Protein chains: 2
Amino acid sequence: MPRKPSYDRDDLIARARDLFWQRGWWGTSLKDLEASLQLKPGSFYAAFGSKEALFALALEKYAADGHERLRALNQEHGPIKALQYLVEFVIENDAAPARACMLSKTLLELTAHNHPLARTANKHLLKMESHFAELFEQAQSKGDIDDSHDPKLLARRYQSDLLGVRASAEREGVDAGAIAAEIGQDLARL
Amino acid sequence: MPRKPSYDRDDLIARARDLFWQRGWWGTSLKDLEASLQLKPGSFYAAFGSKEALFALALEKYAADGHERLRALNQEHGPIKALQYLVEFVIENDAAPARACMLSKTLLELTAHNHPLARTANKHLLKMESHFAELFEQAQSKGDIDDSHDPKLLARRYQSDLLGVRASAEREGVDAGAIAAEIGQDLARL
DNA sequence: GTCTTTCTTGAGCGGTCGCTCAAGTATATA
DNA sequence: TATATACTTGAGCGACCGCTCAAGAAAGAC
């Protein structure tokens, strides 16, 4: 007896992710979202409950896609090359709405306000860091990198470097590709 | 015949800088500023003209202080040690309202909106990068680091690393001091 | 003291914010 | 076809946004 929604929920979340990713939390208004998702306020709130709830879903999708990309790169090229390709990919992907990491943008924007979404973003970052550490472990098992390194420390540094180069890639007049290449060389030297 | 303002303009700019640095552009309201600067709307607009104009002054002060700090560190310890100490300082300075760089926060928040302040922030970042390059040049002149490196490339990478570790330092559960130490070691190896 | 000039005050402007809700519309079941 | 059950619509809520301006208060010049 009911009636189906006329939209694809997952597609709406993807569009919201792109808007939030590009414009940030305070920089994205309900009006922006209504225009992009083609949803009137009533439908919006029936579907997602609040702007905050949708942002959380967007973060989740963003993180899930990141994990999937890394997994695929690893499967095709092995751990170290996957980490090298990832850096290049995130700063060159023209399909992305921004070069900088959505999680870091969220963190920097909302941490000082003690906003729950800042904690959510940090959790996703920690998960991503763990994923990096797994790849460094695999690289050691395969003998690609020296056993003397601690995979967790390598992952921590790699993530920091990644945040830095992605922020740099958001700037005009900075050759982020060159920085990415240096990060890749650092990985090769391990 | 006139009447002097009851405030110290430079002190107000410093307080505004701290608020903006911590809470960001959209996250800082006129009400916040009025409370912190102890200024009613009328006085505020008589003194600074607009929220945007004050933010620009705050960025300028932020950048000027950064240059002065680097200059002082260089004078006391020499170029390479200055760059090493700077990383430690920015992520450990409890007096600062945030660990992350105000220029990068501004850039990430406002670039997608084509906001003039994003360009302003980027200009300050470029100036800072030039300052880093100068120090690397001096280090080469003194023989502290190898001549084969290009100071501009070293500066670019150093700034990227700095942005990364400062964003990481804003997170909970991340030992940014350890990352800073690694960056310092990288500098020592040049 | 008087005058002039500036600084200070705060009510309140038009606009936008995130969000609500009652009314209208479409669809799957019976 | 009749009914029940969603989904869709959009006017508009109270709160807050950045900002204005007329009136009052204070201080240097004479």
# chains A, B, ... in the order shown; residues from 1 in each chain; ligands from 1
call {"tool": "calpha_fit_and_write", "arguments": {"fixed": "chain A", "moving": "chain B", "output": "PDB file with C-alpha atoms, in the first residue's frame"}}
result
ATOM      1  CA  MET B   1       0.089  -0.102  -0.346  1.00  0.00           C
ATOM      2  CA  PRO B   2       2.842   2.474   0.061  1.00  0.00           C
ATOM      3  CA  ARG B   3       4.615   4.638  -2.389  1.00  0.00           C
ATOM      4  CA  LYS B   4       8.289   4.401  -3.245  1.00  0.00           C
ATOM      5  CA  PRO B   5      10.616   7.395  -3.075  1.00  0.00           C
ATOM      6  CA  SER B   6      11.398   8.880  -6.461  1.00  0.00           C
ATOM      7  CA  TYR B   7      15.093   9.143  -5.678  1.00  0.00           C
ATOM      8  CA  ASP B   8      18.077   6.833  -5.202  1.00  0.00           C
ATOM      9  CA  ARG B   9      19.120   7.375  -1.610  1.00  0.00           C
ATOM     10  CA  ASP B  10      22.719   6.335  -2.194  1.00  0.00           C
ATOM     11  CA  ASP B  11      23.003   8.740  -5.091  1.00  0.00           C
ATOM     12  CA  LEU B  12      21.718  11.583  -2.922  1.00  0.00           C
ATOM     13  CA  ILE B  13      24.310  10.794  -0.244  1.00  0.00           C
ATOM     14  CA  ALA B  14      27.037  10.869  -2.886  1.00  0.00           C
ATOM     15  CA  ARG B  15      25.880  14.266  -4.090  1.00  0.00           C
ATOM     16  CA  ALA B  16      25.704  15.567  -0.538  1.00  0.00           C
ATOM     17  CA  ARG B  17      29.214  14.237   0.073  1.00  0.00           C
ATOM     18  CA  ASP B  18      30.501  16.177  -2.912  1.00  0.00           C
ATOM     19  CA  LEU B  19      28.846  19.396  -1.768  1.00  0.00           C
ATOM     20  CA  PHE B  20      30.026  19.050   1.825  1.00  0.00           C
ATOM     21  CA  TRP B  21      33.495  17.990   0.722  1.00  0.00           C
ATOM     22  CA  GLN B  22      33.868  21.039  -1.458  1.00  0.00           C
ATOM     23  CA  ARG B  23      32.103  23.702   0.595  1.00  0.00           C
ATOM     24  CA  GLY B  24      32.459  22.422   4.151  1.00  0.00           C
ATOM     25  CA  TRP B  25      29.963  22.261   6.987  1.00  0.00           C
ATOM     26  CA  TRP B  26      29.143  25.922   7.561  1.00  0.00           C
ATOM     27  CA  GLY B  27      29.638  26.675   3.901  1.00  0.00           C
ATOM     28  CA  THR B  28      26.884  24.332   2.767  1.00  0.00           C
ATOM     29  CA  SER B  29      23.350  25.551   3.398  1.00  0.00           C
ATOM     30  CA  LEU B  30      20.093  23.640   3.286  1.00  0.00           C
ATOM     31  CA  LYS B  31      19.257  25.677   0.208  1.00  0.00           C
ATOM     32  CA  ASP B  32      22.422  24.402  -1.475  1.00  0.00           C
ATOM     33  CA  LEU B  33      21.520  20.833  -0.572  1.00  0.00           C
ATOM     34  CA  GLU B  34      17.913  21.193  -1.702  1.00  0.00           C
ATOM     35  CA  ALA B  35      19.107  22.502  -5.054  1.00  0.00           C
ATOM     36  CA  SER B  36      21.701  19.786  -5.571  1.00  0.00           C
ATOM     37  CA  LEU B  37      19.591  16.888  -4.318  1.00  0.00           C
ATOM     38  CA  GLN B  38      16.401  18.218  -5.928  1.00  0.00           C
ATOM     39  CA  LEU B  39      14.595  17.756  -2.644  1.00  0.00           C
ATOM     40  CA  LYS B  40      12.151  20.098  -0.914  1.00  0.00           C
ATOM     41  CA  PRO B  41      12.690  20.679   2.815  1.00  0.00           C
ATOM     42  CA  GLY B  42       9.968  18.245   3.812  1.00  0.00           C
ATOM     43  CA  SER B  43      11.378  15.373   1.759  1.00  0.00           C
ATOM     44  CA  PHE B  44      14.871  16.195   2.917  1.00  0.00           C
ATOM     45  CA  TYR B  45      13.984  15.877   6.586  1.00  0.00           C
ATOM     46  CA  ALA B  46      11.853  12.820   6.006  1.00  0.00           C
ATOM     47  CA  ALA B  47      14.783  11.146   4.259  1.00  0.00           C
ATOM     48  CA  PHE B  48      17.720  12.149   6.444  1.00  0.00           C
ATOM     49  CA  GLY B  49      16.465  13.738   9.656  1.00  0.00           C
ATOM     50  CA  SER B  50      18.930  16.610   9.761  1.00  0.00           C
ATOM     51  CA  LYS B  51      21.821  18.287   8.009  1.00  0.00           C
ATOM     52  CA  GLU B  52      24.146  16.752  10.575  1.00  0.00           C
ATOM     53  CA  ALA B  53      22.855  13.210  10.023  1.00  0.00           C
ATOM     54  CA  LEU B  54      23.374  13.562   6.275  1.00  0.00           C
ATOM     55  CA  PHE B  55      26.885  14.898   6.801  1.00  0.00           C
ATOM     56  CA  ALA B  56      27.670  11.824   8.912  1.00  0.00           C
ATOM     57  CA  LEU B  57      26.415   9.593   6.105  1.00  0.00           C
ATOM     58  CA  ALA B  58      28.533  11.561   3.649  1.00  0.00           C
ATOM     59  CA  LEU B  59      31.645  11.066   5.788  1.00  0.00           C
ATOM     60  CA  GLU B  60      30.901   7.364   5.983  1.00  0.00           C
ATOM     61  CA  LYS B  61      30.598   7.072   2.224  1.00  0.00           C
ATOM     62  CA  TYR B  62      33.751   9.114   1.738  1.00  0.00           C
ATOM     63  CA  ALA B  63      35.708   6.831   4.064  1.00  0.00           C
ATOM     64  CA  ALA B  64      34.261   3.633   2.614  1.00  0.00           C
ATOM     65  CA  ASP B  65      35.214   4.707  -0.902  1.00  0.00           C
ATOM     66  CA  GLY B  66      38.719   5.492   0.310  1.00  0.00           C
ATOM     67  CA  HIS B  67      39.144   2.044   1.827  1.00  0.00           C
ATOM     68  CA  GLU B  68      37.794   0.386  -1.275  1.00  0.00           C
ATOM     69  CA  ARG B  69      40.161   2.346  -3.505  1.00  0.00           C
ATOM     70  CA  LEU B  70      43.162   1.403  -1.397  1.00  0.00           C
ATOM     71  CA  ARG B  71      42.084  -2.233  -1.313  1.00  0.00           C
ATOM     72  CA  ALA B  72      41.773  -2.304  -5.096  1.00  0.00           C
ATOM     73  CA  LEU B  73      45.142  -0.602  -5.628  1.00  0.00           C
ATOM     74  CA  ASN B  74      46.767  -3.089  -3.259  1.00  0.00           C
ATOM     75  CA  GLN B  75      45.252  -6.046  -5.046  1.00  0.00           C
ATOM     76  CA  GLU B  76      46.431  -4.836  -8.428  1.00  0.00           C
ATOM     77  CA  HIS B  77      49.872  -3.408  -7.608  1.00  0.00           C
ATOM     78  CA  GLY B  78      50.875  -4.590  -4.148  1.00  0.00           C
ATOM     79  CA  PRO B  79      51.132  -2.516  -0.949  1.00  0.00           C
ATOM     80  CA  ILE B  80      53.954  -0.043  -1.589  1.00  0.00           C
ATOM     81  CA  LYS B  81      52.944   0.782  -5.130  1.00  0.00           C
ATOM     82  CA  ALA B  82      49.364   1.124  -3.903  1.00  0.00           C
ATOM     83  CA  LEU B  83      50.412   3.760  -1.389  1.00  0.00           C
ATOM     84  CA  GLN B  84      52.440   5.524  -4.058  1.00  0.00           C
ATOM     85  CA  TYR B  85      49.581   5.514  -6.551  1.00  0.00           C
ATOM     86  CA  LEU B  86      47.142   6.688  -3.891  1.00  0.00           C
ATOM     87  CA  VAL B  87      49.060   9.934  -3.332  1.00  0.00           C
ATOM     88  CA  GLU B  88      49.103  10.644  -7.026  1.00  0.00           C
ATOM     89  CA  PHE B  89      45.461   9.741  -7.418  1.00  0.00           C
ATOM     90  CA  VAL B  90      44.039  11.997  -4.721  1.00  0.00           C
ATOM     91  CA  ILE B  91      45.792  15.105  -5.982  1.00  0.00           C
ATOM     92  CA  GLU B  92      45.150  14.489  -9.673  1.00  0.00           C
ATOM     93  CA  ASN B  93      41.605  13.120  -9.678  1.00  0.00           C
ATOM     94  CA  ASP B  94      39.641  15.764 -11.566  1.00  0.00           C
ATOM     95  CA  ALA B  95      36.368  14.058 -10.736  1.00  0.00           C
ATOM     96  CA  ALA B  96      36.785  14.910  -7.046  1.00  0.00           C
ATOM     97  CA  PRO B  97      35.158  18.118  -5.796  1.00  0.00           C
ATOM     98  CA  ALA B  98      38.318  19.082  -3.921  1.00  0.00           C
ATOM     99  CA  ARG B  99      41.945  18.022  -3.598  1.00  0.00           C
ATOM    100  CA  ALA B 100      42.106  18.249   0.163  1.00  0.00           C
ATOM    101  CA  CYS B 101      40.850  15.390   2.314  1.00  0.00           C
ATOM    102  CA  MET B 102      37.242  15.783   3.420  1.00  0.00           C
ATOM    103  CA  LEU B 103      38.046  14.268   6.801  1.00  0.00           C
ATOM    104  CA  SER B 104      40.817  16.768   7.493  1.00  0.00           C
ATOM    105  CA  LYS B 105      38.693  19.683   6.297  1.00  0.00           C
ATOM    106  CA  THR B 106      35.915  18.599   8.641  1.00  0.00           C
ATOM    107  CA  LEU B 107      38.343  18.162  11.491  1.00  0.00           C
ATOM    108  CA  LEU B 108      39.931  21.579  11.058  1.00  0.00           C
ATOM    109  CA  GLU B 109      36.591  23.297  10.689  1.00  0.00           C
ATOM    110  CA  LEU B 110      34.772  21.679  13.621  1.00  0.00           C
ATOM    111  CA  THR B 111      37.288  20.532  16.256  1.00  0.00           C
ATOM    112  CA  ALA B 112      37.404  23.916  17.987  1.00  0.00           C
ATOM    113  CA  HIS B 113      33.603  23.904  18.242  1.00  0.00           C
ATOM    114  CA  ASN B 114      33.551  20.489  19.925  1.00  0.00           C
ATOM    115  CA  HIS B 115      31.224  19.403  17.164  1.00  0.00           C
ATOM    116  CA  PRO B 116      30.357  15.677  17.165  1.00  0.00           C
ATOM    117  CA  LEU B 117      31.191  15.474  13.466  1.00  0.00           C
ATOM    118  CA  ALA B 118      34.807  16.371  14.251  1.00  0.00           C
ATOM    119  CA  ARG B 119      35.083  13.222  16.349  1.00  0.00           C
ATOM    120  CA  THR B 120      33.418  11.213  13.619  1.00  0.00           C
ATOM    121  CA  ALA B 121      35.943  12.482  11.096  1.00  0.00           C
ATOM    122  CA  ASN B 122      38.809  11.645  13.432  1.00  0.00           C
ATOM    123  CA  LYS B 123      37.538   8.091  13.850  1.00  0.00           C
ATOM    124  CA  HIS B 124      37.521   7.624  10.093  1.00  0.00           C
ATOM    125  CA  LEU B 125      41.061   9.008   9.915  1.00  0.00           C
ATOM    126  CA  LEU B 126      42.209   6.517  12.540  1.00  0.00           C
ATOM    127  CA  LYS B 127      40.651   3.658  10.567  1.00  0.00           C
ATOM    128  CA  MET B 128      42.401   4.854   7.447  1.00  0.00           C
ATOM    129  CA  GLU B 129      45.695   5.004   9.331  1.00  0.00           C
ATOM    130  CA  SER B 130      45.187   1.385  10.421  1.00  0.00           C
ATOM    131  CA  HIS B 131      44.597   0.431   6.825  1.00  0.00           C
ATOM    132  CA  PHE B 132      47.878   2.105   5.856  1.00  0.00           C
ATOM    133  CA  ALA B 133      49.643   0.183   8.643  1.00  0.00           C
ATOM    134  CA  GLU B 134      48.254  -3.097   7.301  1.00  0.00           C
ATOM    135  CA  LEU B 135      49.763  -2.365   3.914  1.00  0.00           C
ATOM    136  CA  PHE B 136      53.145  -1.569   5.424  1.00  0.00           C
ATOM    137  CA  GLU B 137      52.976  -4.891   7.299  1.00  0.00           C
ATOM    138  CA  GLN B 138      52.199  -6.715   4.087  1.00  0.00           C
ATOM    139  CA  ALA B 139      55.117  -4.959   2.421  1.00  0.00           C
ATOM    140  CA  GLN B 140      57.393  -6.267   5.161  1.00  0.00           C
ATOM    141  CA  SER B 141      56.032  -9.795   4.818  1.00  0.00           C
ATOM    142  CA  LYS B 142      56.754  -9.651   1.108  1.00  0.00           C
ATOM    143  CA  GLY B 143      60.211  -8.242   1.778  1.00  0.00           C
ATOM    144  CA  ASP B 144      59.495  -5.016  -0.107  1.00  0.00           C
ATOM    145  CA  ILE B 145      60.612  -2.849   2.800  1.00  0.00           C
ATOM    146  CA  ASP B 146      63.010  -3.342   5.677  1.00  0.00           C
ATOM    147  CA  ASP B 147      61.775  -5.183   8.782  1.00  0.00           C
ATOM    148  CA  SER B 148      63.344  -2.659  11.133  1.00  0.00           C
ATOM    149  CA  HIS B 149      60.509  -0.172  10.594  1.00  0.00           C
ATOM    150  CA  ASP B 150      57.395  -0.065  12.721  1.00  0.00           C
ATOM    151  CA  PRO B 151      54.390  -0.245  10.372  1.00  0.00           C
ATOM    152  CA  LYS B 152      52.313   1.947  12.677  1.00  0.00           C
ATOM    153  CA  LEU B 153      54.890   4.699  12.671  1.00  0.00           C
ATOM    154  CA  LEU B 154      55.203   4.500   8.901  1.00  0.00           C
ATOM    155  CA  ALA B 155      51.428   4.762   8.607  1.00  0.00           C
ATOM    156  CA  ARG B 156      51.282   7.755  10.917  1.00  0.00           C
ATOM    157  CA  ARG B 157      53.926   9.587   8.931  1.00  0.00           C
ATOM    158  CA  TYR B 158      52.381   8.618   5.611  1.00  0.00           C
ATOM    159  CA  GLN B 159      49.010   9.965   6.655  1.00  0.00           C
ATOM    160  CA  SER B 160      50.529  13.213   7.844  1.00  0.00           C
ATOM    161  CA  ASP B 161      52.369  13.590   4.548  1.00  0.00           C
ATOM    162  CA  LEU B 162      49.180  12.821   2.691  1.00  0.00           C
ATOM    163  CA  LEU B 163      47.214  15.496   4.557  1.00  0.00           C
ATOM    164  CA  GLY B 164      49.991  17.967   3.835  1.00  0.00           C
ATOM    165  CA  VAL B 165      50.281  17.354   0.124  1.00  0.00           C
ATOM    166  CA  ARG B 166      46.505  17.332  -0.279  1.00  0.00           C
ATOM    167  CA  ALA B 167      46.196  20.685   1.465  1.00  0.00           C
ATOM    168  CA  SER B 168      49.028  21.969  -0.742  1.00  0.00           C
ATOM    169  CA  ALA B 169      47.211  20.672  -3.815  1.00  0.00           C
ATOM    170  CA  GLU B 170      44.291  22.926  -2.927  1.00  0.00           C
ATOM    171  CA  ARG B 171      46.546  25.953  -3.390  1.00  0.00           C
ATOM    172  CA  GLU B 172      47.231  27.821  -6.598  1.00  0.00           C
ATOM    173  CA  GLY B 173      50.821  28.023  -7.773  1.00  0.00           C
ATOM    174  CA  VAL B 174      52.034  24.902  -5.990  1.00  0.00           C
ATOM    175  CA  ASP B 175      53.198  21.841  -7.887  1.00  0.00           C
ATOM    176  CA  ALA B 176      51.632  19.214  -5.657  1.00  0.00           C
ATOM    177  CA  GLY B 177      52.503  16.506  -8.162  1.00  0.00           C
ATOM    178  CA  ALA B 178      56.184  17.107  -7.455  1.00  0.00           C
ATOM    179  CA  ILE B 179      55.625  16.785  -3.710  1.00  0.00           C
ATOM    180  CA  ALA B 180      53.661  13.593  -4.316  1.00  0.00           C
ATOM    181  CA  ALA B 181      56.593  12.211  -6.305  1.00  0.00           C
ATOM    182  CA  GLU B 182      58.936  12.940  -3.400  1.00  0.00           C
ATOM    183  CA  ILE B 183      56.629  11.135  -0.985  1.00  0.00           C
ATOM    184  CA  GLY B 184      56.589   8.219  -3.396  1.00  0.00           C
ATOM    185  CA  GLN B 185      60.385   8.174  -3.474  1.00  0.00           C
ATOM    186  CA  ASP B 186      60.507   8.172   0.312  1.00  0.00           C
ATOM    187  CA  LEU B 187      58.367   5.047   0.255  1.00  0.00           C
ATOM    188  CA  ALA B 188      60.642   3.392  -2.300  1.00  0.00           C
ATOM    189  CA  ARG B 189      63.675   4.033  -0.091  1.00  0.00           C
ATOM    190  CA  LEU B 190      62.278   2.068   2.853  1.00  0.00           C
TER     191      LEU B 190
END
call {"tool": "select_by_dssp", "arguments": {"residues": "segment 10-185 of chain A", "states": "alpha helix (DSSP H)", "output": "ChimeraX atom specification"}}
result
/A:10-23,30-37,41-48,51-77,79-92,102-110,116-142,151-169,176-185
call {"tool": "atom_distance", "arguments": {"atom1": "atom C1' of DC21 of chain D", "atom2": "atom C1' of DT5 of chain C"}}
result
17.8 Å
call {"tool": "atom_distance", "arguments": {"atom1": "atom C1' of DG18 of chain D", "atom2": "atom C1' of DT6 of chain C"}}
result
24.4 Å
call {"tool": "atom_distance", "arguments": {"atom1": "atom C1' of DG10 of chain D", "atom2": "atom C1' of DG14 of chain C"}}
result
21.7 Å
call {"tool": "interface_residues", "arguments": {"of": "chain C", "to": "chain A", "cutoff": "12 Å", "atoms": "only C-alpha atoms (C1' of nucleotides)", "output": "short mmCIF file (atom, residue, chain, number, x, y, z; two decimals) with N, CA and C atoms (P, O5', C5', C4', C3', O3' and C1' of nucleotides), in the first residue's frame"}}
result
data_model
loop_
_atom_site.label_atom_id
_atom_site.label_comp_id
_atom_site.auth_asym_id
_atom_site.auth_seq_id
_atom_site.Cartn_x
_atom_site.Cartn_y
_atom_site.Cartn_z
P DT C 16 19.06 36.49 1.20
"O5'" DT C 16 19.52 35.34 2.21
"C5'" DT C 16 20.81 35.41 2.82
"C4'" DT C 16 20.86 34.46 3.99
"C3'" DT C 16 20.41 33.03 3.64
"O3'" DT C 16 21.51 32.16 3.84
"C1'" DT C 16 19.44 33.81 5.69
P DC C 17 21.40 30.61 3.59
"O5'" DC C 17 21.23 30.00 5.04
"C5'" DC C 17 22.17 30.37 6.06
"C4'" DC C 17 21.72 29.82 7.41
"C3'" DC C 17 21.05 28.45 7.33
"O3'" DC C 17 22.05 27.45 7.41
"C1'" DC C 17 19.81 29.92 8.75
P DG C 18 21.71 26.00 6.83
"O5'" DG C 18 20.91 25.27 8.00
"C5'" DG C 18 21.46 25.17 9.30
"C4'" DG C 18 20.37 24.71 10.26
"C3'" DG C 18 19.76 23.35 9.91
"O3'" DG C 18 19.52 22.62 11.13
"C1'" DG C 18 18.06 24.99 9.88
P DC C 19 18.90 21.12 11.07
"O5'" DC C 19 17.33 21.40 11.07
"C5'" DC C 19 16.77 22.21 12.10
"C4'" DC C 19 15.31 22.48 11.84
"C3'" DC C 19 14.44 21.25 11.57
"O3'" DC C 19 13.65 20.98 12.73
"C1'" DC C 19 13.83 23.15 10.22
P DT C 20 12.66 19.76 12.82
"O5'" DT C 20 11.24 20.42 12.52
"C5'" DT C 20 10.81 21.52 13.31
"C4'" DT C 20 9.41 21.94 12.90
"C3'" DT C 20 8.40 20.79 12.81
"O3'" DT C 20 7.22 21.21 13.46
"C1'" DT C 20 8.39 22.04 10.79
P DC C 21 6.18 20.15 14.06
"O5'" DC C 21 4.89 20.44 13.16
"C5'" DC C 21 4.69 21.76 12.65
"C4'" DC C 21 3.69 21.72 11.51
"C3'" DC C 21 2.84 20.44 11.43
"O3'" DC C 21 1.54 20.79 11.01
"C1'" DC C 21 3.97 20.75 9.40
P DA C 22 0.26 20.27 11.88
"O5'" DA C 22 -0.96 20.72 10.97
"C5'" DA C 22 -0.99 22.06 10.46
"C4'" DA C 22 -1.27 22.05 8.97
"C3'" DA C 22 -2.42 21.13 8.54
"O3'" DA C 22 -3.17 21.79 7.55
"C1'" DA C 22 -0.48 20.60 7.31
P DT C 25 -3.36 18.05 -5.43
"O5'" DT C 25 -2.34 16.82 -5.54
"C5'" DT C 25 -0.94 17.06 -5.62
"C4'" DT C 25 -0.20 15.74 -5.69
"C3'" DT C 25 -0.81 14.73 -6.67
"O3'" DT C 25 0.24 14.13 -7.40
"C1'" DT C 25 -0.56 13.73 -4.56
P DA C 26 -0.06 13.50 -8.83
"O5'" DA C 26 0.50 12.01 -8.63
"C5'" DA C 26 1.88 11.83 -8.31
"C4'" DA C 26 2.05 10.54 -7.55
"C3'" DA C 26 1.62 9.28 -8.32
"O3'" DA C 26 2.70 8.37 -8.29
"C1'" DA C 26 0.73 9.26 -6.15
P DT C 27 2.81 7.21 -9.40
"O5'" DT C 27 2.65 5.91 -8.49
"C5'" DT C 27 3.54 5.70 -7.40
"C4'" DT C 27 2.97 4.66 -6.47
"C3'" DT C 27 2.45 3.39 -7.17
"O3'" DT C 27 2.95 2.27 -6.46
"C1'" DT C 27 0.86 4.17 -5.65
P DA C 28 3.55 1.01 -7.29
"O5'" DA C 28 3.28 -0.24 -6.32
"C5'" DA C 28 3.81 -0.24 -5.00
"C4'" DA C 28 2.78 -0.80 -4.02
"C3'" DA C 28 2.22 -2.18 -4.38
"O3'" DA C 28 2.23 -2.99 -3.23
"C1'" DA C 28 0.45 -0.66 -4.02
P DT C 29 1.98 -4.54 -3.34
"O5'" DT C 29 0.51 -4.70 -2.75
"C5'" DT C 29 0.32 -4.73 -1.33
"C4'" DT C 29 -1.13 -4.42 -1.01
"C3'" DT C 29 -2.09 -5.61 -1.12
"O3'" DT C 29 -2.54 -5.94 0.18
"C1'" DT C 29 -3.05 -3.60 -1.98
P DA C 30 -3.27 -7.33 0.38
"O5'" DA C 30 -4.82 -7.01 0.17
"C5'" DA C 30 -5.45 -6.03 1.01
"C4'" DA C 30 -6.85 -5.77 0.51
"C3'" DA C 30 -7.66 -7.02 0.19
"O3'" DA C 30 -8.96 -6.91 0.73
"C1'" DA C 30 -7.67 -5.56 -1.68
#
